[in-house]
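The file input-v2.csv comes next; it holds CSV, C-alpha atoms.
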chain,number,residue,atom,x,y,z
A,13,MET,CA,-49.1,-7.5,-120.6
A,14,LYS,CA,-51.1,-4.3,-120.2
A,15,ILE,CA,-51.2,-2.3,-117.0
A,16,ILE,CA,-52.5,1.2,-116.0
A,17,CYS,CA,-51.2,3.2,-113.0
A,18,THR,CA,-50.7,6.8,-112.0
A,19,LYS,CA,-47.4,8.4,-112.8
A,20,SER,CA,-46.7,9.2,-109.1
A,21,ASN,CA,-47.1,5.5,-108.1
A,22,LEU,CA,-44.8,4.4,-111.0
A,23,VAL,CA,-42.2,7.1,-110.2
A,24,LYS,CA,-42.1,6.0,-106.5
A,25,GLY,CA,-41.8,2.3,-107.3
A,26,VAL,CA,-39.1,2.9,-110.0
A,27,SER,CA,-37.0,5.1,-107.7
A,28,ILE,CA,-37.1,2.5,-104.9
A,29,VAL,CA,-36.0,-0.5,-107.0
A,30,SER,CA,-33.5,1.6,-109.1
A,31,LYS,CA,-31.2,1.5,-106.0
A,32,ALA,CA,-30.4,-2.2,-106.8
A,33,VAL,CA,-29.6,-1.7,-110.5
A,34,PRO,CA,-25.8,-2.3,-110.9
A,35,SER,CA,-23.8,0.5,-112.5
A,36,LYS,CA,-21.5,-2.1,-114.2
A,37,THR,CA,-22.4,-5.6,-115.1
A,38,THR,CA,-21.5,-8.3,-117.6
A,39,MET,CA,-25.2,-9.5,-117.5
A,40,PRO,CA,-27.3,-7.0,-119.5
A,41,ILE,CA,-30.5,-8.4,-118.0
A,42,LEU,CA,-29.4,-7.0,-114.6
A,43,GLU,CA,-29.5,-3.5,-116.1
A,44,CYS,CA,-33.2,-3.8,-116.3
A,45,ILE,CA,-36.2,-3.3,-114.0
A,46,LEU,CA,-38.6,-6.3,-114.1
A,47,ILE,CA,-42.3,-5.4,-114.3
A,48,ASP,CA,-44.2,-8.4,-113.1
A,49,ALA,CA,-48.0,-8.4,-113.5
A,50,THR,CA,-48.5,-12.2,-113.6
A,51,THR,CA,-50.5,-12.2,-110.4
A,52,ASP,CA,-53.1,-9.7,-109.1
A,53,ILE,CA,-50.3,-7.3,-107.9
A,54,ILE,CA,-48.0,-5.1,-110.0
A,55,LYS,CA,-44.4,-5.8,-108.8
A,56,LEU,CA,-41.2,-4.0,-109.8
A,57,THR,CA,-37.9,-5.7,-109.1
A,58,ALA,CA,-34.2,-4.9,-109.6
A,59,ASN,CA,-31.3,-7.2,-108.6
A,60,ASP,CA,-27.5,-6.8,-108.8
A,61,MET,CA,-27.0,-10.3,-107.3
A,62,GLU,CA,-25.7,-8.8,-104.1
A,63,LEU,CA,-28.7,-6.6,-103.3
A,64,GLY,CA,-32.2,-7.1,-104.6
A,65,ILE,CA,-35.3,-4.8,-104.1
A,66,GLU,CA,-38.9,-5.6,-104.9
A,67,THR,CA,-41.8,-3.2,-104.4
A,68,SER,CA,-45.5,-3.4,-105.3
A,69,ILE,CA,-47.5,-0.5,-106.7
A,70,GLU,CA,-51.2,0.2,-107.1
A,71,GLY,CA,-52.7,0.0,-110.5
A,72,ASN,CA,-54.9,-2.0,-112.8
A,73,ILE,CA,-53.8,-5.1,-114.6
A,74,ILE,CA,-55.7,-5.3,-117.9
A,75,GLU,CA,-53.6,-8.2,-119.3
A,76,LYS,CA,-51.3,-10.3,-117.2
A,77,GLY,CA,-47.6,-10.7,-118.2
A,78,LEU,CA,-44.1,-9.6,-117.4
A,79,ILE,CA,-41.3,-7.6,-119.1
A,80,ALA,CA,-37.8,-6.4,-118.3
A,81,LEU,CA,-37.1,-2.8,-119.3
A,82,ASP,CA,-33.7,-1.0,-119.4
A,83,ALA,CA,-33.7,0.7,-116.0
A,84,LYS,CA,-32.0,3.9,-117.1
A,85,ILE,CA,-34.2,4.8,-120.1
A,86,PHE,CA,-37.4,3.5,-118.3
A,87,SER,CA,-36.8,5.6,-115.2
A,88,GLU,CA,-35.9,8.7,-117.3
A,89,ILE,CA,-39.1,8.3,-119.4
A,90,VAL,CA,-41.3,7.8,-116.3
A,91,ARG,CA,-39.9,10.8,-114.5
A,92,LYS,CA,-40.6,13.1,-117.5
A,93,LEU,CA,-44.1,11.9,-118.3
A,94,PRO,CA,-47.1,14.2,-117.7
A,95,ASP,CA,-48.7,13.9,-114.2
A,96,ASN,CA,-51.5,11.5,-115.3
A,97,GLU,CA,-52.4,7.9,-115.9
A,98,VAL,CA,-49.6,5.8,-117.5
A,99,ILE,CA,-50.4,2.8,-119.8
A,100,ILE,CA,-47.6,0.2,-120.3
A,101,GLU,CA,-48.4,-2.4,-123.0
A,102,THR,CA,-46.1,-5.1,-124.4
A,103,GLN,CA,-46.2,-6.5,-127.9
A,104,PRO,CA,-45.4,-10.2,-128.8
A,105,ASN,CA,-41.9,-9.0,-130.0
A,106,LEU,CA,-41.2,-7.5,-126.6
A,107,GLN,CA,-41.5,-3.9,-127.9
A,108,THR,CA,-43.2,-2.0,-125.1
A,109,LEU,CA,-45.5,1.0,-125.5
A,110,ILE,CA,-45.6,3.6,-122.7
A,111,THR,CA,-48.4,6.1,-123.1
A,112,CYS,CA,-49.4,9.1,-121.0
A,113,GLU,CA,-51.8,11.7,-122.4
A,114,LYS,CA,-50.3,12.5,-125.8
A,115,ALA,CA,-46.8,11.2,-125.1
A,116,LYS,CA,-46.0,7.8,-126.6
A,117,PHE,CA,-42.7,5.9,-126.2
A,118,ASN,CA,-41.9,2.7,-127.8
A,119,ILE,CA,-38.9,0.9,-126.3
A,120,ALA,CA,-37.4,-2.5,-126.6
A,121,GLY,CA,-37.9,-4.9,-123.8
A,122,LYS,CA,-36.3,-8.2,-122.7
A,123,SER,CA,-38.0,-11.4,-121.7
A,124,GLY,CA,-38.9,-11.3,-118.1
A,125,GLU,CA,-38.2,-15.1,-117.9
A,126,GLU,CA,-34.5,-14.4,-118.1
A,127,PHE,CA,-34.5,-12.0,-115.1
A,128,SER,CA,-32.8,-13.1,-111.9
A,129,TYR,CA,-35.5,-13.2,-109.3
A,130,LEU,CA,-34.8,-12.4,-105.7
A,131,PRO,CA,-33.6,-15.5,-103.8
A,132,TYR,CA,-36.3,-17.4,-101.9
A,133,ILE,CA,-35.8,-16.8,-98.2
A,134,GLU,CA,-37.5,-18.9,-95.5
A,135,LYS,CA,-38.7,-16.2,-93.1
A,136,GLU,CA,-38.5,-17.2,-89.5
A,137,GLU,CA,-38.7,-15.1,-86.3
A,138,PRO,CA,-38.6,-11.6,-87.7
A,139,MET,CA,-37.0,-8.9,-85.6
A,140,GLU,CA,-39.3,-5.9,-85.4
A,141,LEU,CA,-38.1,-2.3,-85.2
A,142,SER,CA,-39.7,1.0,-85.9
A,143,GLN,CA,-38.6,2.6,-89.2
A,144,PHE,CA,-37.5,5.6,-87.3
A,145,THR,CA,-35.2,3.6,-85.0
A,146,LEU,CA,-33.6,1.7,-87.9
A,147,LYS,CA,-33.0,4.9,-89.9
A,148,GLU,CA,-31.4,6.5,-86.9
A,149,ILE,CA,-29.2,3.5,-86.1
A,150,ILE,CA,-27.9,3.6,-89.7
A,151,ARG,CA,-27.4,7.4,-89.7
A,152,GLN,CA,-25.5,7.2,-86.4
A,153,THR,CA,-23.0,4.5,-87.5
A,154,ILE,CA,-22.7,4.4,-91.3
A,155,PHE,CA,-20.1,7.2,-91.6
A,156,THR,CA,-17.6,4.9,-89.8
A,157,ILE,CA,-17.5,2.1,-92.4
A,158,SER,CA,-14.6,1.9,-94.8
A,159,ASP,CA,-15.1,2.6,-98.5
A,160,HIS,CA,-12.0,0.6,-99.4
A,161,ASP,CA,-12.5,-3.1,-100.3
A,162,SER,CA,-9.0,-4.0,-99.0
A,163,ASN,CA,-10.8,-5.4,-95.9
A,164,LYS,CA,-14.3,-6.5,-96.8
A,165,LEU,CA,-15.4,-6.7,-93.1
A,166,MET,CA,-14.8,-2.9,-92.7
A,167,THR,CA,-17.3,-2.2,-95.6
A,168,GLY,CA,-20.1,-3.6,-93.5
A,169,GLU,CA,-21.7,-3.2,-90.1
A,170,LEU,CA,-22.0,-5.9,-87.4
A,171,PHE,CA,-25.6,-6.5,-86.3
A,172,GLU,CA,-25.5,-8.5,-83.1
A,173,ILE,CA,-28.7,-9.6,-81.2
A,174,ASN,CA,-28.5,-10.7,-77.7
A,175,GLU,CA,-32.0,-11.4,-76.1
A,176,ASN,CA,-33.7,-8.0,-76.3
A,177,ILE,CA,-30.6,-5.9,-77.2
A,178,LEU,CA,-29.5,-5.0,-80.8
A,179,LYS,CA,-25.9,-3.8,-81.0
A,180,VAL,CA,-24.7,-2.3,-84.3
A,181,VAL,CA,-21.0,-1.7,-84.8
A,182,ALA,CA,-19.0,0.0,-87.6
A,183,LEU,CA,-15.3,0.7,-87.9
A,184,ASP,CA,-12.7,1.9,-90.4
A,185,GLY,CA,-9.4,1.4,-88.6
A,186,HIS,CA,-9.3,4.9,-87.2
A,187,ARG,CA,-12.6,5.0,-85.2
A,188,ILE,CA,-15.5,2.8,-84.0
A,189,SER,CA,-19.2,3.6,-83.8
A,190,ILE,CA,-21.5,1.5,-81.6
A,191,ARG,CA,-25.2,1.9,-81.1
A,192,LYS,CA,-27.3,-0.2,-78.8
A,193,VAL,CA,-31.1,-0.3,-78.7
A,194,GLU,CA,-33.6,-2.2,-76.6
A,195,LEU,CA,-36.0,-4.3,-78.6
A,196,MET,CA,-39.6,-5.0,-77.6
A,197,ASN,CA,-39.1,-8.8,-77.5
A,198,ASN,CA,-36.3,-11.3,-76.9
A,199,TYR,CA,-34.7,-13.0,-79.9
A,200,THR,CA,-32.4,-15.9,-80.6
A,201,SER,CA,-28.7,-14.7,-80.5
A,202,LYS,CA,-27.3,-13.7,-83.9
A,203,LYS,CA,-24.2,-12.1,-85.3
A,204,VAL,CA,-24.2,-11.0,-89.0
A,205,ILE,CA,-22.2,-8.5,-91.1
A,206,VAL,CA,-24.5,-6.4,-93.3
A,207,PRO,CA,-22.9,-4.6,-96.3
A,208,GLY,CA,-22.8,-0.8,-95.8
A,209,LYS,CA,-24.2,-0.3,-99.4
A,210,THR,CA,-27.3,-2.2,-98.4
A,211,LEU,CA,-27.8,-0.1,-95.2
A,212,ILE,CA,-27.4,3.1,-97.1
A,213,GLU,CA,-30.0,2.1,-99.7
A,214,VAL,CA,-32.4,0.8,-97.1
A,215,SER,CA,-32.1,4.1,-95.2
A,216,LYS,CA,-33.0,6.1,-98.3
A,217,ILE,CA,-36.2,4.1,-98.7
A,218,LEU,CA,-37.4,4.0,-95.1
A,219,SER,CA,-40.0,6.6,-94.3
A,220,GLY,CA,-38.6,7.1,-90.8
A,221,GLU,CA,-42.0,7.1,-89.2
A,222,VAL,CA,-42.1,6.1,-85.5
A,223,ASP,CA,-45.4,4.2,-86.0
A,224,SER,CA,-44.2,2.4,-89.2
A,225,LYS,CA,-42.6,-1.0,-88.6
A,226,VAL,CA,-39.8,-2.9,-90.4
A,227,ASN,CA,-39.4,-6.6,-90.1
A,228,ILE,CA,-35.9,-8.0,-90.4
A,229,TYR,CA,-35.2,-11.6,-91.2
A,230,PHE,CA,-31.8,-13.3,-91.0
A,231,THR,CA,-30.6,-16.5,-92.7
A,232,GLU,CA,-27.1,-17.9,-93.0
A,233,ASN,CA,-26.3,-15.9,-96.1
A,234,HIS,CA,-28.9,-13.2,-96.4
A,235,ILE,CA,-30.7,-10.4,-94.5
A,236,VAL,CA,-34.2,-9.3,-95.5
A,237,PHE,CA,-35.9,-6.0,-94.7
A,238,GLU,CA,-39.6,-5.9,-95.2
A,239,PHE,CA,-41.6,-2.7,-94.8
A,240,ASP,CA,-44.5,-0.8,-96.4
A,241,ARG,CA,-44.8,-2.6,-99.7
A,242,THR,CA,-41.1,-3.2,-100.2
A,243,VAL,CA,-38.8,-6.2,-99.7
A,244,VAL,CA,-35.0,-5.7,-99.7
A,245,VAL,CA,-32.8,-8.8,-99.8
A,246,SER,CA,-29.1,-8.6,-99.4
A,247,ARG,CA,-26.2,-11.0,-99.2
A,248,LEU,CA,-24.3,-10.9,-95.9
A,249,ILE,CA,-20.5,-10.4,-95.7
A,250,GLU,CA,-18.8,-13.6,-94.8
A,251,GLY,CA,-16.2,-13.8,-92.0
A,252,GLU,CA,-15.8,-13.2,-88.3
A,253,TYR,CA,-16.1,-9.6,-87.2
A,254,PHE,CA,-13.4,-7.9,-85.2
A,255,LYS,CA,-13.3,-8.5,-81.4
A,256,ILE,CA,-14.6,-5.1,-80.5
A,257,ASP,CA,-14.7,-5.7,-76.7
A,258,GLN,CA,-10.9,-5.9,-76.6
A,259,MET,CA,-10.7,-2.4,-78.0
A,260,LEU,CA,-13.2,-0.9,-75.5
A,261,SER,CA,-11.9,0.2,-72.1
A,262,SER,CA,-13.7,1.8,-69.2
A,263,ASP,CA,-10.4,3.1,-67.7
A,264,TYR,CA,-9.7,6.8,-68.1
A,265,GLU,CA,-7.4,9.4,-66.5
A,266,THR,CA,-9.4,12.5,-67.8
A,267,LYS,CA,-13.1,12.9,-68.1
A,268,ILE,CA,-14.7,16.1,-69.5
A,269,ARG,CA,-18.3,17.1,-69.8
A,270,VAL,CA,-18.9,19.7,-72.5
A,271,ASN,CA,-21.8,21.3,-74.4
A,272,LYS,CA,-22.0,19.3,-77.7
A,273,LYS,CA,-23.2,22.2,-79.8
A,274,GLU,CA,-20.5,24.5,-78.7
A,275,LEU,CA,-17.8,22.0,-79.3
A,276,LEU,CA,-19.2,21.1,-82.8
A,277,SER,CA,-19.5,24.8,-83.7
A,278,CYS,CA,-15.9,25.5,-82.6
A,279,ILE,CA,-14.4,22.6,-84.7
A,280,ASP,CA,-16.6,23.7,-87.6
A,281,ARG,CA,-15.0,27.2,-87.4
A,282,ALA,CA,-11.5,25.7,-87.2
A,283,MET,CA,-12.2,23.7,-90.4
A,284,LEU,CA,-12.5,27.0,-92.3
A,285,LEU,CA,-8.7,27.0,-92.3
A,286,VAL,CA,-8.3,23.5,-93.6
A,287,LYS,CA,-8.2,22.9,-97.3
A,288,GLU,CA,-10.0,19.8,-98.6
A,289,GLY,CA,-7.6,16.9,-98.6
A,290,ASP,CA,-5.3,18.5,-95.9
A,291,LYS,CA,-4.7,16.4,-92.8
A,292,LYS,CA,-4.3,19.1,-90.2
A,293,PRO,CA,-5.1,17.9,-86.7
A,294,ILE,CA,-7.0,20.0,-84.2
A,295,ILE,CA,-5.0,20.3,-80.9
A,296,ILE,CA,-7.0,20.1,-77.7
A,297,ASN,CA,-5.4,21.4,-74.5
A,298,ILE,CA,-7.5,20.3,-71.5
A,299,GLY,CA,-7.2,22.4,-68.4
A,300,ASP,CA,-9.3,22.7,-65.2
A,301,ASP,CA,-12.4,24.6,-66.3
A,302,ALA,CA,-11.7,25.1,-70.0
A,303,MET,CA,-10.2,23.4,-73.0
A,304,GLU,CA,-8.4,25.3,-75.7
A,305,LEU,CA,-8.8,24.1,-79.3
A,306,LYS,CA,-6.1,25.1,-81.8
A,307,ILE,CA,-5.5,24.6,-85.5
A,308,GLN,CA,-2.7,25.8,-87.7
A,309,SER,CA,-2.5,25.5,-91.5
A,310,GLN,CA,-1.1,27.4,-94.6
A,311,LEU,CA,-4.2,29.6,-94.5
A,312,GLY,CA,-3.7,30.7,-90.9
A,313,SER,CA,-4.3,29.7,-87.3
A,314,MET,CA,-7.2,29.7,-84.9
A,315,ASN,CA,-7.6,29.1,-81.2
A,316,GLU,CA,-10.7,29.1,-79.0
A,317,ASP,CA,-11.6,28.3,-75.4
A,318,ILE,CA,-14.6,26.3,-74.4
A,319,LEU,CA,-15.9,25.9,-70.8
A,320,ILE,CA,-15.9,22.3,-69.5
A,321,SER,CA,-16.2,20.4,-66.3
A,322,LYS,CA,-13.2,18.1,-65.8
A,323,GLU,CA,-12.2,15.1,-63.6
A,324,GLY,CA,-8.6,13.9,-63.6
A,325,LYS,CA,-5.5,15.1,-65.3
A,326,ASP,CA,-4.7,17.9,-67.7
A,327,LEU,CA,-4.0,16.7,-71.3
A,328,LEU,CA,-2.7,17.8,-74.6
A,329,ILE,CA,-4.0,15.7,-77.5
A,330,GLY,CA,-4.6,15.9,-81.3
A,331,PHE,CA,-7.4,14.6,-83.4
A,332,ASN,CA,-8.6,14.5,-87.0
A,333,PRO,CA,-11.2,17.2,-86.8
A,334,LYS,CA,-13.5,15.5,-89.3
A,335,PHE,CA,-13.7,12.4,-87.2
A,336,LEU,CA,-14.8,14.4,-84.1
A,337,MET,CA,-17.4,16.3,-86.2
A,338,ASP,CA,-18.9,13.1,-87.7
A,339,ALA,CA,-19.5,11.7,-84.2
A,340,LEU,CA,-20.8,15.0,-82.7
A,341,ARG,CA,-23.2,15.6,-85.6
A,342,VAL,CA,-25.2,12.4,-84.9
A,343,ILE,CA,-25.3,12.6,-81.1
A,344,GLU,CA,-28.6,14.1,-79.9
A,345,ASP,CA,-27.6,14.8,-76.3
A,346,GLU,CA,-27.1,18.5,-75.3
A,347,GLU,CA,-24.0,17.7,-73.1
A,348,ILE,CA,-21.6,14.8,-73.8
A,349,ASN,CA,-18.9,13.0,-71.8
A,350,ILE,CA,-15.5,12.4,-73.3
A,351,TYR,CA,-13.1,9.9,-71.7
A,352,LEU,CA,-9.4,10.1,-72.3
A,353,THR,CA,-6.3,8.3,-71.0
A,354,ASN,CA,-3.2,9.9,-72.7
A,355,ALA,CA,-2.1,11.5,-75.9
A,356,LYS,CA,-1.7,8.2,-77.7
A,357,ALA,CA,-4.7,6.3,-76.5
A,358,PRO,CA,-8.2,6.6,-78.1
A,359,CYS,CA,-10.9,8.8,-76.7
A,360,PHE,CA,-14.4,7.6,-76.0
A,361,ILE,CA,-17.5,9.6,-76.4
A,362,ARG,CA,-20.3,7.7,-74.6
A,363,ASP,CA,-23.4,8.2,-72.6
A,364,GLU,CA,-24.1,6.7,-69.1
A,365,LYS,CA,-26.2,3.8,-70.5
A,366,GLU,CA,-23.7,3.2,-73.3
A,367,SER,CA,-26.5,3.4,-75.9
A,368,TYR,CA,-23.9,5.0,-78.0
A,369,ILE,CA,-20.1,4.7,-78.0
A,370,TYR,CA,-17.7,6.5,-80.4
A,371,LEU,CA,-14.0,5.6,-80.2
A,372,ILE,CA,-11.6,7.9,-82.0
A,373,LEU,CA,-7.9,7.4,-82.3
A,374,PRO,CA,-5.7,10.5,-81.7
A,375,VAL,CA,-3.1,11.7,-84.2
A,376,ASN,CA,0.6,12.5,-83.6
A,377,PHE,CA,0.8,16.3,-83.9
A,378,ASN,CA,4.4,16.9,-82.8
A,379,ALA,CA,5.7,17.1,-86.4
A,380,VAL,CA,3.0,19.5,-87.7
A,381,VAL,CA,2.5,22.0,-84.9
I need this file expressed as C-alpha cells, please.
Amino acid sequence: MKIICTKSNLVKGVSIVSKAVPSKTTMPILECILIDATTDIIKLTANDMELGIETSIEGNIIEKGLIALDAKIFSEIVRKLPDNEVIIETQPNLQTLITCEKAKFNIAGKSGEEFSYLPYIEKEEPMELSQFTLKEIIRQTIFTISDHDSNKLMTGELFEINENILKVVALDGHRISIRKVELMNNYTSKKVIVPGKTLIEVSKILSGEVDSKVNIYFTENHIVFEFDRTVVVSRLIEGEYFKIDQMLSSDYETKIRVNKKELLSCIDRAMLLVKEGDKKPIIINIGDDAMELKIQSQLGSMNEDILISKEGKDLLIGFNPKFLMDALRVIEDEEINIYLTNAKAPCFIRDEKESYIYLILPVNFNAVV
C-alpha cells in the first residue's frame, strides 16, 4: 500500500476515529487504526466492538492495500509531522514507512485482514436531523446520565420516535432531562437506548452546522449516525427503559417565573462556599415577590434575594446546587417556569410547549442547616 495525503486531512481523520479506540482490551488488533486503501477511497476505521467509527479522507492512492497501525503511536506521529504532504507506504513484512519532508518514521504494522470491521447494517428509513439540533439535544441531556455501571440503562439515553416527534430522555436516579423536537417527516415508531459514551463521541465529531444533516438509522441491536464523510456504528443498550410518564406530573401547588441568568448567577456565587465533594444543599425560601437563596458551609454562609412572580403557596425547599446549575446552563430561555408541590416532591423546570423538561429531586436539609 502507498498513499499520499495532506497532514491536515490525516490529522482530522485520525482524531475522528481515535474516539473508538479502546483504552483497555485483550485484543491487540483493536488498539489499532485501520487504513483501508483497497478501493478508490482512503478510509480510516477504529472499533472497540461496542462503538465503531469510519471516516474517509482525501488523498491519492498510489498502490492499493490495507494496514493496521497502533493508534497511539500513529496519532502522535501524525500530529507532530511538519504541515505538508504525508506518504504512508507499507512493506511486505508489514513495516510501515511514514514520510513527511525530511521526517521519516518506520513502525511495525499488523495485517489489516485481522481487523474487526464495522458490522454490516441494513440501512432503512433514515431519520434526518440537522447537526446543530442533534448536538444541542445531546448537550441538553447528557449531563443527566449515570456514570456508574450498576444500572446499565442509566448510562444511556432513550431515543423515542413517535410520528414526527423525537423525544430524548436521560436520568440518573436524582434527576431527569427530557428534550422533544419536531422532525420534518413522520417516521415509524421506535424506542431505543443509546449508550451515553456513543452520544458524547458523536457530539465531539458533529460540526454543529444548521445546514449540515445527519442521517440516523436504527436496527434491533445498533444505531448508525452518518454525516459528512463519517459513519458511527454503536451497539444499543438492551432492556426496557424506565416508565418516565409515571414520574411526570402536571400538578403543582407553587409556580414561579424567574430570570434564568439571575438565578444561575446567584447559585454560582453560592457555590464559592462549597468545597469540591461537599454535599451542601442550597435552601430556597419562596415568598410572594421574591425568593431567598441560602447556603451554609464550613467556609461561611451566603443569602441573596431574587425577584420572582409567583402563583400558589409559599415554600421552603432544598436542592443539590449542582443539579440546578446543570439544568439552567443548557436552557436558552431568558425566563423560566419552575413548578413545585412540596418540600419532598420533585420540582419541574419546563417551558409551555414542554420541548424541555428537567425534573430535580429535592434534598432533606433539616439535619444540615
At a cut-off of 12 Å, can you tabulate as CSV every residue of region 66-157 of chain A near region 352-372 of chain A together with its closest atom pair and the distance in Å to one decimal, using all atoms listed in the file and ordering rows by chain then number?
residue,atom,partner,partner_atom,distance
A:Glu148,CA,A:Tyr368,CA,11.7
A:Ile149,CA,A:Tyr368,CA,9.8
A:Gln152,CA,A:Tyr368,CA,8.8
A:Thr153,CA,A:Tyr370,CA,9.1
A:Phe155,CA,A:Tyr370,CA,11.5
A:Thr156,CA,A:Tyr370,CA,9.5
Output C-alpha atoms for every residue in that selection, as a JSON list (two decimals), keeping the file's coordinate frame.
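Writing the result to selection-v6.json gives the following:
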[["chain", "number", "residue", "atom", "x", "y", "z"],
["A", 148, "GLU", "CA", -31.40, 6.50, -86.90],
["A", 149, "ILE", "CA", -29.20, 3.50, -86.10],
["A", 152, "GLN", "CA", -25.50, 7.20, -86.40],
["A", 153, "THR", "CA", -23.00, 4.50, -87.50],
["A", 155, "PHE", "CA", -20.10, 7.20, -91.60],
["A", 156, "THR", "CA", -17.60, 4.90, -89.80]]
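CA of Thr51 (chain A) lies 8.9 Å from CA of Ile73 (chain A).
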Output as a tab-separated table one row per residue of region 23-88 of chain A within 9 Å of region 100-108 of chain A: the closest atom pair and its distance in Å to one decimal place, counting all atoms listed in the file, sorted by chain and residue number ascending.
residue	atom	partner	partner_atom	distance
A:Glu75	CA	A:Glu101	CA	8.6
A:Gly77	CA	A:Thr102	CA	8.5
A:Leu78	CA	A:Thr102	CA	8.6
A:Ile79	CA	A:Leu106	CA	7.5
A:Leu81	CA	A:Thr108	CA	8.5
Exercise: Cys278 (chain A) partners within 12 Å, all atoms listed in the file, chain neighbours under 3 positions left out, as a PyMOL selection string: chain A and resi 271-275+281-284+294+296+303-307+314-319+333+336-337+340
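Residue nearest Arg247 (chain A) within the list A:Val206, A:Leu311, A:Ile99, A:Met166: A:Val206 [criterion: smallest interatomic distance, all atoms listed in the file].
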So that I can check the surroundings of region 178-186 of chain A, please list as number ranges by chain every protein, DNA and RNA residue that reaches within 8 Å of it, counting all atoms listed in the file and ignoring chain neighbours fewer than 5 positions away. A: 149, 153-154, 156-158, 166, 168-173, 191-195, 372-373
Can you list, as an NGL selection string, every protein, DNA or RNA residue that comes within 10 Å of region 22-39 of chain A when you count only C-alpha atoms, leaving out same-chain residues fewer than 3 positions away? :A and (16-19 or 42-47 or 55-71 or 82-84 or 86-93 or 97-98 or 127 or 209-210 or 212-214 or 216-218 or 241-246)
The distance between CA of Tyr351 (chain A) and CA of Lys322 (chain A) is 10.1 Å
Using all atoms listed in the file, which of the listed residues (A:Ala80, A:Ile228, A:Ile348, A:Ile188) sits closest to Phe335 (chain A)? A:Ile188
One decimal place gives the CA of Val375 (chain A)-CA of Lys292 (chain A) separation as 9.6 Å
Surrounding residues of Asp290 (chain A) excluding itself and chain neighbours under 4 positions, 10 Å, all atoms listed in the file, as an mmCIF file with C-alpha atoms, keeping the file's coordinate frame:
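Okay, this is what ended up in out21.cif:
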data_model
loop_
_atom_site.group_PDB
_atom_site.id
_atom_site.type_symbol
_atom_site.label_atom_id
_atom_site.label_comp_id
_atom_site.auth_asym_id
_atom_site.auth_seq_id
_atom_site.Cartn_x
_atom_site.Cartn_y
_atom_site.Cartn_z
ATOM 1 C CA LEU A 285 -8.700 27.000 -92.300
ATOM 2 C CA VAL A 286 -8.300 23.500 -93.600
ATOM 3 C CA SER A 309 -2.500 25.500 -91.500
ATOM 4 C CA GLN A 310 -1.100 27.400 -94.600
#
Scan for residues within 12 Å of the point (-34.5, -10.6, -89.9) in the coordinates of the file, using all atoms listed in the file, and reply as number ranges by chain. A: 133-141, 171-173, 178, 199-204, 206, 226-239, 243-246, 248
